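Text of my_file_25.txt, listed as compact mmCIF, C-alpha atoms (C1' of nucleotides):
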```
# COMPACT_ATOMS: atom_id res chain seq x y z
CA MET W 1 -21.93 0.07 12.87
CA THR W 2 -18.82 2.14 12.50
CA ASP W 3 -17.38 4.23 15.28
CA TYR W 4 -16.42 7.81 14.38
CA GLN W 5 -15.63 9.04 17.87
CA ASN W 6 -11.85 9.02 17.44
CA ILE W 7 -11.71 10.98 14.23
CA LEU W 8 -14.30 13.45 15.51
CA ARG W 9 -12.38 13.93 18.74
CA ASN W 10 -9.29 14.63 16.64
CA ILE W 11 -11.08 17.42 14.78
CA LYS W 12 -12.56 18.80 17.98
CA ARG W 13 -9.05 19.38 19.30
CA TYR W 14 -8.95 22.26 16.78
CA VAL W 15 -12.53 23.48 16.27
CA GLU W 16 -15.92 23.05 17.94
CA LEU W 17 -18.48 20.94 16.08
CA SER W 18 -22.26 21.02 16.36
CA GLU W 19 -24.26 17.82 15.99
CA GLU W 20 -25.03 18.90 12.44
CA ASP W 21 -21.34 19.55 11.65
CA GLU W 22 -20.51 16.07 12.86
CA GLN W 23 -23.18 14.49 10.68
CA GLU W 24 -22.00 16.45 7.68
CA PHE W 25 -18.44 15.30 8.20
CA ILE W 26 -19.40 11.69 8.83
CA SER W 27 -21.37 11.67 5.61
CA ILE W 28 -18.18 12.04 3.52
CA ILE W 29 -16.16 9.37 5.37
CA LYS W 30 -15.48 6.06 3.67
CA THR W 31 -14.33 3.35 6.05
CA SER W 32 -12.43 0.23 5.04
CA SER W 33 -10.19 -2.42 6.46
CA VAL W 34 -6.77 -3.23 5.05
CA LYS W 35 -4.45 -6.19 5.25
CA LYS W 36 -0.75 -6.03 6.10
CA ARG W 37 1.37 -5.25 3.01
CA GLN W 38 -1.60 -3.76 1.18
CA PHE W 39 -1.03 -0.47 -0.67
CA ILE W 40 -3.55 2.34 -0.23
CA VAL W 41 -1.59 4.73 -2.48
CA GLN W 42 0.62 3.83 -5.43
CA PRO W 43 2.81 5.76 -7.88
CA ASN W 44 1.10 6.91 -11.07
CA PHE W 45 -2.35 6.77 -9.53
CA VAL W 46 -3.84 9.99 -8.20
CA CYS W 47 -4.03 9.99 -4.42
CA GLU W 48 -7.71 10.71 -4.12
CA TYR W 49 -8.01 10.47 -0.34
CA GLN W 50 -6.55 11.63 2.90
CA THR W 51 -6.50 8.63 5.19
CA TYR W 52 -7.13 8.67 8.93
CA VAL W 53 -5.77 5.64 10.78
CA GLU W 54 -8.42 4.21 13.08
CA LYS W 55 -6.34 1.12 13.75
CA GLY W 56 -3.00 -0.10 12.39
CA ALA W 57 0.35 1.24 11.23
CA PHE W 58 1.32 2.64 7.84
CA ARG W 59 4.27 4.16 6.08
CA SER W 60 4.63 6.30 2.97
CA TYR W 61 7.80 5.85 0.96
CA PHE W 62 9.52 6.70 -2.24
CA VAL W 63 11.54 4.32 -4.41
CA SER W 64 14.51 6.03 -6.04
CA ASP W 65 15.88 5.26 -9.51
CA GLU W 66 18.52 3.12 -7.85
CA GLY W 67 15.78 1.04 -6.28
CA GLU W 68 16.37 2.17 -2.68
CA ASP W 69 13.31 3.06 -0.70
CA HIS W 70 13.01 6.13 1.48
CA THR W 71 10.36 6.39 4.14
CA ILE W 72 8.69 9.79 4.27
CA GLN W 73 6.21 9.29 7.07
CA PHE W 74 4.81 6.79 9.53
CA ALA W 75 1.24 6.87 10.77
CA ILE W 76 -0.39 4.94 13.58
CA GLU W 77 -3.75 5.38 15.34
CA ASP W 78 -5.14 8.92 15.21
CA TRP W 79 -2.76 10.14 12.45
CA PHE W 80 -3.47 11.17 8.88
CA ILE W 81 -1.41 9.89 5.96
CA SER W 82 -1.36 10.31 2.16
CA ASP W 83 0.88 11.34 -0.70
CA PHE W 84 0.12 14.91 0.19
CA ASN W 85 1.67 16.33 -2.94
CA SER W 86 -0.53 14.19 -5.11
CA TYR W 87 -3.56 14.81 -2.91
CA ILE W 88 -3.47 18.61 -3.01
CA SER W 89 -2.62 18.84 -6.71
CA GLN W 90 -4.73 15.80 -7.71
CA GLU W 91 -1.86 14.71 -9.93
CA PRO W 92 -0.36 11.19 -10.04
CA ALA W 93 1.40 10.09 -6.85
CA SER W 94 5.10 9.34 -6.58
CA LEU W 95 4.84 7.55 -3.24
CA PHE W 96 3.59 4.25 -1.96
CA VAL W 97 1.50 4.17 1.21
CA GLU W 98 1.63 0.67 2.64
CA ALA W 99 -0.05 -1.03 5.60
CA LEU W 100 2.54 -2.42 8.03
CA GLU W 101 -0.17 -4.24 9.98
CA ASP W 102 -3.82 -5.20 9.42
CA GLY W 103 -5.88 -2.10 10.10
CA ILE W 104 -8.99 0.05 9.75
CA ILE W 105 -9.02 3.42 7.99
CA HIS W 106 -11.37 6.32 7.42
CA GLN W 107 -10.88 8.07 4.09
CA ILE W 108 -12.10 11.45 2.86
CA ALA W 109 -11.99 12.38 -0.83
CA TYR W 110 -10.34 15.56 -2.12
CA GLN W 111 -13.47 17.00 -3.74
CA ASP W 112 -15.67 16.20 -0.75
CA VAL W 113 -13.23 18.01 1.53
CA GLU W 114 -13.05 21.04 -0.73
CA ASN W 115 -16.85 21.22 -0.90
CA LEU W 116 -17.17 20.85 2.82
CA CYS W 117 -14.63 23.62 3.40
CA GLU W 118 -16.51 25.87 1.03
CA LYS W 119 -19.80 25.22 2.78
CA LYS W 120 -18.53 25.32 6.38
CA PRO W 121 -15.59 27.63 7.17
CA LYS W 122 -15.13 25.74 10.41
CA PHE W 123 -13.64 22.88 8.41
CA GLU W 124 -11.58 25.25 6.34
CA ARG W 125 -10.13 26.36 9.66
CA PHE W 126 -9.51 22.81 10.83
CA PHE W 127 -7.64 21.92 7.67
CA ARG W 128 -5.67 25.16 7.81
CA LEU W 129 -4.52 24.48 11.36
CA VAL W 130 -3.62 20.89 10.56
CA ALA W 131 -1.66 21.87 7.45
CA GLN W 132 0.20 24.55 9.39
CA LYS W 133 1.10 22.11 12.11
CA SER W 134 2.22 19.54 9.56
CA PHE W 135 4.40 22.11 7.87
CA ALA W 136 5.98 23.14 11.16
CA TYR W 137 6.62 19.48 11.90
CA ALA W 138 8.20 18.85 8.50
CA GLN W 139 10.52 21.82 9.00
CA LYS W 140 11.57 20.45 12.35
CA ARG W 141 12.44 17.19 10.66
CA VAL W 142 14.55 18.92 8.03
CA LEU W 143 16.33 20.63 10.87
CA SER W 144 17.14 17.51 12.81
CA ASN W 145 18.21 15.73 9.64
CA LEU W 146 20.64 18.51 8.86
CA GLY W 147 22.02 18.99 12.32
CA LYS W 148 22.55 15.59 13.81
CA SER W 149 24.58 12.40 13.43
CA ALA W 150 22.85 9.12 12.57
CA GLU W 151 23.07 8.01 16.19
CA ALA W 152 21.65 11.28 17.51
CA ARG W 153 18.80 11.08 15.01
CA TYR W 154 17.90 7.60 16.20
CA ILE W 155 18.07 8.57 19.88
CA GLU W 156 15.87 11.58 19.28
CA PHE W 157 13.28 9.59 17.36
CA GLN W 158 13.27 6.81 19.92
CA ALA W 159 12.67 9.35 22.69
CA GLN W 160 9.86 11.04 20.82
CA TYR W 161 8.08 8.04 19.28
CA PRO W 162 8.93 4.94 21.33
CA THR W 163 5.74 3.20 20.16
CA ILE W 164 6.58 3.61 16.52
CA VAL W 165 10.10 2.27 17.03
CA GLN W 166 8.57 -0.89 18.45
CA ARG W 167 5.92 -1.32 15.80
CA VAL W 168 7.69 -0.75 12.49
CA PRO W 169 10.33 -2.90 10.78
CA GLN W 170 13.86 -1.75 11.32
CA TYR W 171 14.66 -1.27 7.63
CA ALA W 172 11.71 1.12 7.36
CA LEU W 173 12.90 3.11 10.37
CA ALA W 174 16.45 3.22 9.00
CA SER W 175 15.19 4.58 5.70
CA TYR W 176 13.13 7.20 7.55
CA LEU W 177 16.16 8.29 9.55
CA GLY W 178 18.36 8.45 6.45
CA MET W 179 20.81 5.63 7.14
CA SER W 180 21.36 2.06 6.00
CA ALA W 181 19.55 -0.75 7.80
CA GLU W 182 22.90 -2.30 8.73
CA PHE W 183 24.15 0.86 10.32
CA LEU W 184 21.00 1.22 12.41
CA SER W 185 21.50 -2.33 13.62
CA LYS W 186 25.03 -1.43 14.69
CA ILE W 187 23.91 1.75 16.44
CA ARG W 188 21.32 -0.20 18.41
CA LYS W 189 23.86 -2.77 19.48
CA ARG W 190 26.27 -0.06 20.57
CA LEU W 191 23.53 1.68 22.60
CA SER W 192 22.28 -1.51 24.25
CA LYS W 193 25.73 -2.21 25.63
CA ALA W 194 26.37 1.32 26.93
CA MET V 1 3.22 55.69 -0.65
CA THR V 2 3.72 51.98 -0.30
CA ASP V 3 2.94 49.57 -3.07
CA TYR V 4 0.87 46.52 -2.14
CA GLN V 5 0.29 45.18 -5.65
CA ASN V 6 2.79 42.34 -5.40
CA ILE V 7 1.55 40.87 -2.16
CA LEU V 8 -2.08 41.25 -3.27
CA ARG V 9 -1.32 39.55 -6.56
CA ASN V 10 0.24 36.71 -4.59
CA ILE V 11 -2.96 36.22 -2.60
CA LYS V 12 -5.11 36.50 -5.69
CA ARG V 13 -3.34 33.49 -7.15
CA TYR V 14 -5.33 31.47 -4.60
CA VAL V 15 -8.56 33.39 -3.89
CA GLU V 16 -10.52 36.26 -5.40
CA LEU V 17 -10.50 39.54 -3.47
CA SER V 18 -13.04 42.36 -3.58
CA GLU V 19 -11.89 45.97 -3.19
CA GLU V 20 -13.05 45.76 0.42
CA ASP V 21 -11.11 42.53 1.06
CA GLU V 22 -7.98 44.18 -0.27
CA GLN V 23 -8.40 47.20 2.01
CA GLU V 24 -9.00 44.98 4.99
CA PHE V 25 -5.84 43.03 4.28
CA ILE V 26 -3.74 46.13 3.62
CA SER V 27 -4.85 47.57 6.93
CA ILE V 28 -2.96 44.88 8.86
CA ILE V 29 0.29 45.12 6.87
CA LYS V 30 3.32 46.73 8.45
CA THR V 31 6.02 47.66 5.98
CA SER V 32 9.67 48.23 6.82
CA SER V 33 13.07 48.31 5.24
CA VAL V 34 15.96 46.19 6.46
CA LYS V 35 19.72 46.36 6.10
CA LYS V 36 21.96 43.47 5.07
CA ARG V 37 22.89 41.27 8.06
CA GLN V 38 19.91 42.52 10.07
CA PHE V 39 17.87 39.93 11.99
CA ILE V 40 14.10 40.02 11.72
CA VAL V 41 13.67 36.93 13.93
CA GLN V 42 15.93 35.79 16.75
CA PRO V 43 15.99 32.80 19.13
CA ASN V 44 14.18 33.31 22.43
CA PHE V 45 11.95 36.04 21.06
CA VAL V 46 8.49 35.09 19.86
CA CYS V 47 8.19 35.31 16.07
CA GLU V 48 5.24 37.66 15.98
CA TYR V 49 5.04 38.10 12.21
CA GLN V 50 4.96 36.31 8.94
CA THR V 51 7.15 38.27 6.58
CA TYR V 52 6.53 38.78 2.87
CA VAL V 53 9.63 39.77 0.92
CA GLU V 54 8.88 42.78 -1.31
CA LYS V 55 12.55 43.22 -2.14
CA GLY V 56 15.70 41.48 -0.96
CA ALA V 57 16.91 38.02 0.07
CA PHE V 58 16.64 36.30 3.43
CA ARG V 59 17.50 33.03 5.10
CA SER V 60 16.25 31.30 8.23
CA TYR V 61 18.75 29.17 10.09
CA PHE V 62 19.37 27.23 13.23
CA VAL V 63 22.61 27.22 15.24
CA SER V 64 23.31 23.81 16.77
CA ASP V 65 24.94 23.20 20.16
CA GLU V 66 28.23 22.63 18.35
CA GLY V 67 27.94 26.10 16.85
CA GLU V 68 27.31 24.99 13.28
CA ASP V 69 24.55 26.76 11.44
CA HIS V 70 21.91 25.03 9.34
CA THR V 71 19.87 26.93 6.80
CA ILE V 72 16.19 25.96 6.83
CA GLN V 73 14.83 28.23 4.13
CA PHE V 74 15.70 30.98 1.69
CA ALA V 75 13.25 33.66 0.62
CA ILE V 76 13.52 36.22 -2.17
CA GLU V 77 10.93 38.50 -3.77
CA ASP V 78 7.34 37.24 -3.48
CA TRP V 79 8.10 34.58 -0.83
CA PHE V 80 7.01 34.39 2.81
CA ILE V 81 9.46 33.61 5.61
CA SER V 82 9.35 33.23 9.41
CA ASP V 83 10.17 30.79 12.18
CA PHE V 84 6.92 29.07 11.41
CA ASN V 85 7.01 26.88 14.49
CA SER V 86 7.30 29.91 16.71
CA TYR V 87 4.75 31.83 14.68
CA ILE V 88 1.93 29.30 14.86
CA SER V 89 2.49 28.44 18.51
CA GLN V 90 3.46 31.98 19.54
CA GLU V 91 6.28 30.48 21.60
CA PRO V 92 9.92 31.64 21.57
CA ALA V 93 11.76 31.09 18.30
CA SER V 94 14.71 28.78 17.81
CA LEU V 95 15.74 30.21 14.46
CA PHE V 96 17.37 33.33 13.16
CA VAL V 97 15.91 35.02 10.10
CA GLU V 98 18.58 37.23 8.59
CA ALA V 99 18.64 39.66 5.67
CA LEU V 100 21.25 38.67 3.08
CA GLU V 101 20.77 41.96 1.21
CA ASP V 102 19.16 45.32 1.93
CA GLY V 103 15.44 44.88 1.42
CA ILE V 104 11.81 45.84 1.95
CA ILE V 105 9.33 43.62 3.78
CA HIS V 106 5.61 43.51 4.52
CA GLN V 107 4.78 41.93 7.86
CA ILE V 108 1.48 40.62 9.22
CA ALA V 109 1.02 39.86 12.92
CA TYR V 110 -0.27 36.52 14.20
CA GLN V 111 -3.29 37.91 16.00
CA ASP V 112 -4.27 40.16 13.10
CA VAL V 113 -4.16 37.18 10.75
CA GLU V 114 -6.25 35.02 13.06
CA ASN V 115 -8.84 37.78 13.44
CA LEU V 116 -8.95 38.33 9.70
CA CYS V 117 -9.43 34.61 9.07
CA GLU V 118 -12.25 34.52 11.59
CA LYS V 119 -13.96 37.46 9.97
CA LYS V 120 -13.38 36.52 6.32
CA PRO V 121 -13.27 32.81 5.44
CA LYS V 122 -11.67 33.76 2.16
CA PHE V 123 -8.44 34.46 4.00
CA GLU V 124 -8.81 31.29 6.03
CA ARG V 125 -8.85 29.56 2.68
CA PHE V 126 -5.82 31.42 1.40
CA PHE V 127 -3.77 30.53 4.45
CA ARG V 128 -4.94 26.92 4.29
CA LEU V 129 -3.87 26.58 0.68
CA VAL V 130 -0.51 28.20 1.36
CA ALA V 131 0.15 26.02 4.39
CA GLN V 132 -0.76 22.91 2.42
CA LYS V 133 1.55 23.89 -0.39
CA SER V 134 4.36 24.64 2.05
CA PHE V 135 3.90 21.29 3.70
CA ALA V 136 4.00 19.49 0.36
CA TYR V 137 7.16 21.40 -0.49
CA ALA V 138 8.82 20.54 2.82
CA GLN V 139 8.05 16.86 2.28
CA LYS V 140 9.61 17.04 -1.15
CA ARG V 141 12.72 18.48 0.42
CA VAL V 142 12.93 15.69 3.01
CA LEU V 143 12.65 13.29 0.12
CA SER V 144 15.45 14.76 -1.92
CA ASN V 145 17.66 15.03 1.14
CA LEU V 146 17.17 11.36 1.88
CA GLY V 147 17.55 10.07 -1.62
CA LYS V 148 20.42 11.91 -3.21
CA SER V 149 24.17 12.45 -3.01
CA ALA V 150 25.57 15.88 -2.15
CA GLU V 151 26.39 16.54 -5.78
CA ALA V 152 22.93 15.49 -6.97
CA ARG V 153 21.34 17.74 -4.34
CA TYR V 154 23.34 20.70 -5.57
CA ILE V 155 22.57 20.05 -9.21
CA GLU V 156 18.86 19.72 -8.47
CA PHE V 157 18.77 22.93 -6.45
CA GLN V 158 20.75 24.82 -9.05
CA ALA V 159 18.32 23.67 -11.75
CA GLN V 160 15.27 24.66 -9.74
CA TYR V 161 16.47 27.92 -8.16
CA PRO V 162 19.27 29.35 -10.31
CA THR V 163 18.57 32.88 -9.05
CA ILE V 164 18.97 31.89 -5.42
CA VAL V 165 22.25 30.11 -6.12
CA GLN V 166 23.57 33.35 -7.54
CA ARG V 167 22.30 35.59 -4.78
CA VAL V 168 23.16 33.80 -1.55
CA PRO V 169 26.58 33.17 0.02
CA GLN V 170 28.00 29.75 -0.68
CA TYR V 171 28.32 28.75 2.97
CA ALA V 172 24.59 29.42 3.43
CA LEU V 173 23.73 27.29 0.42
CA ALA V 174 26.03 24.50 1.61
CA SER V 175 24.32 24.49 5.00
CA TYR V 176 20.93 24.38 3.27
CA LEU V 177 21.98 21.41 1.17
CA GLY V 178 23.43 19.57 4.17
CA MET V 179 27.11 19.58 3.30
CA SER V 180 30.24 21.46 4.35
CA ALA V 181 31.12 24.70 2.60
CA GLU V 182 34.43 23.21 1.50
CA PHE V 183 32.77 20.25 -0.10
CA LEU V 184 30.36 22.44 -2.03
CA SER V 185 33.33 24.40 -3.31
CA LYS V 186 34.90 21.17 -4.53
CA ILE V 187 31.68 20.00 -6.18
CA ARG V 188 31.39 23.28 -8.06
CA LYS V 189 34.92 23.06 -9.30
CA ARG V 190 34.39 19.51 -10.45
CA LEU V 191 31.21 20.50 -12.30
CA SER V 192 32.72 23.57 -13.94
CA LYS V 193 35.43 21.46 -15.50
CA ALA V 194 33.11 18.72 -16.75
C1' DA T 1 42.19 54.24 -1.94
C1' DT T 2 43.30 51.43 1.96
C1' DA T 3 42.51 48.56 5.57
C1' DA T 4 39.67 45.28 7.64
C1' DA T 5 36.25 41.86 7.44
C1' DA T 6 33.97 38.23 5.18
C1' DT T 7 33.95 34.60 1.92
C1' DC T 8 35.94 31.03 -1.06
C1' DT T 9 39.55 27.59 -2.47
C1' DT T 10 42.74 23.78 -2.10
C1' DG T 11 45.11 19.77 -0.39
C1' DA T 12 46.13 16.29 3.15
C1' DA T 13 44.57 13.40 6.80
C1' DC T 14 40.64 11.45 8.67
C1' DT T 15 35.91 9.21 9.95
C1' DA T 16 31.06 8.34 9.79
C1' DG T 17 28.42 5.78 7.28
C1' DT T 18 27.93 2.43 3.08
C1' DT T 19 28.13 -1.90 0.60
C1' DC T 20 28.56 -6.64 0.18
C1' DA T 21 28.05 -11.19 1.68
C1' DA T 22 26.59 -14.85 4.51
C1' DG T 23 24.49 -16.60 8.40
C1' DA T 24 20.98 -16.26 12.34
C1' DA T 25 16.50 -15.27 14.06
C1' DC T 26 11.79 -14.59 13.48
C1' DA T 27 7.13 -14.81 11.22
C1' DT T 28 3.86 -16.80 8.12
C1' DT T 29 1.83 -20.35 5.41
C1' DT T 30 0.78 -25.08 4.48
C1' DA L 1 5.97 -29.18 12.48
C1' DA L 2 8.20 -28.23 8.25
C1' DA L 3 9.13 -25.18 4.84
C1' DT L 4 9.52 -20.69 2.99
C1' DG L 5 9.90 -16.00 3.12
C1' DT L 6 11.18 -11.87 5.64
C1' DT L 7 13.89 -9.30 8.67
C1' DC L 8 18.09 -8.61 11.49
C1' DT L 9 23.10 -9.07 12.62
C1' DT L 10 28.04 -9.02 11.98
C1' DG L 11 32.54 -8.20 10.03
C1' DA L 12 35.64 -6.64 6.36
C1' DA L 13 36.62 -3.51 2.68
C1' DC L 14 35.48 0.76 0.98
C1' DT L 15 34.06 5.84 -0.13
C1' DA L 16 31.59 10.12 0.24
C1' DG L 17 31.97 13.74 2.81
C1' DT L 18 34.39 16.18 6.99
C1' DT L 19 37.90 18.75 9.36
C1' DC L 20 41.82 21.52 9.69
C1' DA L 21 44.84 24.91 8.17
C1' DA L 22 46.57 28.45 5.30
C1' DG L 23 46.35 31.29 1.45
C1' DA L 24 43.62 33.84 -2.22
C1' DT L 25 39.81 36.60 -3.45
C1' DT L 26 35.97 39.54 -2.87
C1' DT L 27 33.19 42.82 -0.25
C1' DT L 28 32.53 46.52 3.00
C1' DA L 29 33.64 50.44 5.68
C1' DT L 30 36.38 54.51 6.51
```
Once you've parsed the file, please lay out its structure as structure tokens.
Amino acid sequence: MTDYQNILRNIKRYVELSEEDEQEFISIIKTSSVKKRQFIVQPNFVCEYQTYVEKGAFRSYFVSDEGEDHTIQFAIEDWFISDFNSYISQEPASLFVEALEDGIIHQIAYQDVENLCEKKPKFERFFRLVAQKSFAYAQKRVLSNLGKSAEARYIEFQAQYPTIVQRVPQYALASYLGMSAEFLSKIRKRLSKA
Amino acid sequence: MTDYQNILRNIKRYVELSEEDEQEFISIIKTSSVKKRQFIVQPNFVCEYQTYVEKGAFRSYFVSDEGEDHTIQFAIEDWFISDFNSYISQEPASLFVEALEDGIIHQIAYQDVENLCEKKPKFERFFRLVAQKSFAYAQKRVLSNLGKSAEARYIEFQAQYPTIVQRVPQYALASYLGMSAEFLSKIRKRLSKA
DNA sequence: ATAAAATCTTGAACTAGTTCAAGAACATTT
DNA sequence: AAATGTTCTTGAACTAGTTCAAGATTTTAT
């Protein structure tokens, strides 16, 4: 017996749902459990689903030609994650999405979402609001990447997402913040002494 | 007599519009002309509108505490621009949006858009698709900022947006690409010789 | 056409952040 | 509990990109 209360509550932060709406939405959810280090999205495969994290921690990242990896996003409980580019275009992904811990996810398929939006404008609205918020968030990130020093970026992130800092490996955080793992280690040491 | 063909064509790339839909949309558009160096969005004022560029070139940018400015976005003909964070939350802006040339813009107010979306799901859909695309684009930018050297970033941008490179001041481009204006000048020299 | 303002260039000195390498600490499997 | 794999730390040498300053060029206004 799967519990859909969390994901439904998430949606209800944006739009009201009738009992029937809830049932309709639940009917397209596919739930699964994942093991640490498992990939739920991989380059060259189309990212068919948007994934809601019921339990666990994930990251999406890109591996450059030089073999360095660059973290695009983290997601813990109550967040969505995917290779969004691949998802909306239904073209092959360029990112990995990897479980950083054992976890449980709810997935919704591209075509099911599009059909649902068509049928019930309420969901169209939900996905519009979420996409707008995500875009605003991504712009904010660009901004703080451009403006700030490596140390300032770390301090800001640590203030805003203390839980994530504790849960994800340091090399993944460093690659999210756009610095080498070694340098992040040095920053942390410097800050712990001050 | 104002011409709405371009903005309507833009929308019709995503959804079909009846004659009535078009009229409805046109009724909320406010058109104005702007002079070079004019601000259409300023910090501390709520960004009431999303702006469609009919003619001209714009940039949005942020001024940091140290007084450096960081370009977030450029927009030329057929693009939308705003302080999107301020627009969707209807809270005071933190960005400037400045005209880089004399131009003509079509603006649509937050509340008018929300009402229109409520009334006609077709527009809800349009704005969802646009927001999703914008988000995907912003993620791509984060990615190329993280992965690449200053020179590679410039080359990539130049390949993708040659028109913009020609139309905007170099210091604005440098601040978009996350490097000093001097360094961009040096990169260009280096490339022109090679 | 001239003056004033804005933008771009160049070199020299500097620094924030990288790379490499090797060991230490921690986690996971048997 | 030992063994293996994974992640984190530290220092030394390096480099991509910055800052400063001054002149050259282009644009804008009168």
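The part of chain V that reaches within 12 Å of chain T is made up of Arg37, Val168, Pro169, Gln170, Tyr171, Ala172, Ala181, Glu182, Phe183, Leu184, Ser185, Lys186, Ile187, Arg188 and Lys189 of chain V, counting only C-alpha atoms (C1' of nucleotides).
For the atom pair formed by atom CA of Glu48 of chain V and atom CA of Ile108 of chain V, the distance is 8.3 Å, given to one decimal.
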Quick one: which residues from chain W are at most 9 Å off chain V, using only C-alpha atoms, as a PDB file with C-alpha atoms, in the frame of the given file?
```pdb
ATOM      1  CA  TYR W  61       7.800   5.850   0.960  1.00  0.00           C
ATOM      2  CA  PHE W  62       9.520   6.700  -2.240  1.00  0.00           C
ATOM      3  CA  VAL W  63      11.540   4.320  -4.410  1.00  0.00           C
ATOM      4  CA  SER W  64      14.510   6.030  -6.040  1.00  0.00           C
ATOM      5  CA  GLU W  68      16.370   2.170  -2.680  1.00  0.00           C
ATOM      6  CA  ASP W  69      13.310   3.060  -0.700  1.00  0.00           C
ATOM      7  CA  HIS W  70      13.010   6.130   1.480  1.00  0.00           C
ATOM      8  CA  THR W  71      10.360   6.390   4.140  1.00  0.00           C
ATOM      9  CA  ILE W  72       8.690   9.790   4.270  1.00  0.00           C
ATOM     10  CA  ASP W  83       0.880  11.340  -0.700  1.00  0.00           C
ATOM     11  CA  PHE W  84       0.120  14.910   0.190  1.00  0.00           C
ATOM     12  CA  ASN W  85       1.670  16.330  -2.940  1.00  0.00           C
ATOM     13  CA  SER W  86      -0.530  14.190  -5.110  1.00  0.00           C
ATOM     14  CA  ILE W  88      -3.470  18.610  -3.010  1.00  0.00           C
ATOM     15  CA  CYS W 117     -14.630  23.620   3.400  1.00  0.00           C
ATOM     16  CA  GLU W 118     -16.510  25.870   1.030  1.00  0.00           C
ATOM     17  CA  PRO W 121     -15.590  27.630   7.170  1.00  0.00           C
ATOM     18  CA  LYS W 122     -15.130  25.740  10.410  1.00  0.00           C
ATOM     19  CA  GLU W 124     -11.580  25.250   6.340  1.00  0.00           C
ATOM     20  CA  ARG W 125     -10.130  26.360   9.660  1.00  0.00           C
ATOM     21  CA  PHE W 126      -9.510  22.810  10.830  1.00  0.00           C
ATOM     22  CA  PHE W 127      -7.640  21.920   7.670  1.00  0.00           C
ATOM     23  CA  ARG W 128      -5.670  25.160   7.810  1.00  0.00           C
ATOM     24  CA  LEU W 129      -4.520  24.480  11.360  1.00  0.00           C
ATOM     25  CA  VAL W 130      -3.620  20.890  10.560  1.00  0.00           C
ATOM     26  CA  ALA W 131      -1.660  21.870   7.450  1.00  0.00           C
ATOM     27  CA  GLN W 132       0.200  24.550   9.390  1.00  0.00           C
ATOM     28  CA  LYS W 133       1.100  22.110  12.110  1.00  0.00           C
ATOM     29  CA  SER W 134       2.220  19.540   9.560  1.00  0.00           C
ATOM     30  CA  PHE W 135       4.400  22.110   7.870  1.00  0.00           C
ATOM     31  CA  ALA W 136       5.980  23.140  11.160  1.00  0.00           C
ATOM     32  CA  TYR W 137       6.620  19.480  11.900  1.00  0.00           C
ATOM     33  CA  ALA W 138       8.200  18.850   8.500  1.00  0.00           C
ATOM     34  CA  GLN W 139      10.520  21.820   9.000  1.00  0.00           C
ATOM     35  CA  LYS W 140      11.570  20.450  12.350  1.00  0.00           C
ATOM     36  CA  ARG W 141      12.440  17.190  10.660  1.00  0.00           C
ATOM     37  CA  VAL W 142      14.550  18.920   8.030  1.00  0.00           C
ATOM     38  CA  LEU W 143      16.330  20.630  10.870  1.00  0.00           C
ATOM     39  CA  ASN W 145      18.210  15.730   9.640  1.00  0.00           C
ATOM     40  CA  LEU W 146      20.640  18.510   8.860  1.00  0.00           C
ATOM     41  CA  GLY W 147      22.020  18.990  12.320  1.00  0.00           C
ATOM     42  CA  LYS W 148      22.550  15.590  13.810  1.00  0.00           C
ATOM     43  CA  SER W 175      15.190   4.580   5.700  1.00  0.00           C
ATOM     44  CA  TYR W 176      13.130   7.200   7.550  1.00  0.00           C
ATOM     45  CA  LEU W 177      16.160   8.290   9.550  1.00  0.00           C
ATOM     46  CA  GLY W 178      18.360   8.450   6.450  1.00  0.00           C
ATOM     47  CA  MET W 179      20.810   5.630   7.140  1.00  0.00           C
TER      48      MET W 179
END
```
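Taking atom CA of Thr31 of chain V as the reference point, atom C1' of DT27 of chain L is found at 28.3 Å.
Within 8 Å of chain W, and using only C-alpha atoms (C1' of nucleotides), the residues found on chain L are DT7, DC8 and DT9 of chain L.
Across the structure, atom CA of Leu116 of chain W and atom CA of Leu116 of chain V are spaced 20.5 Å apart.
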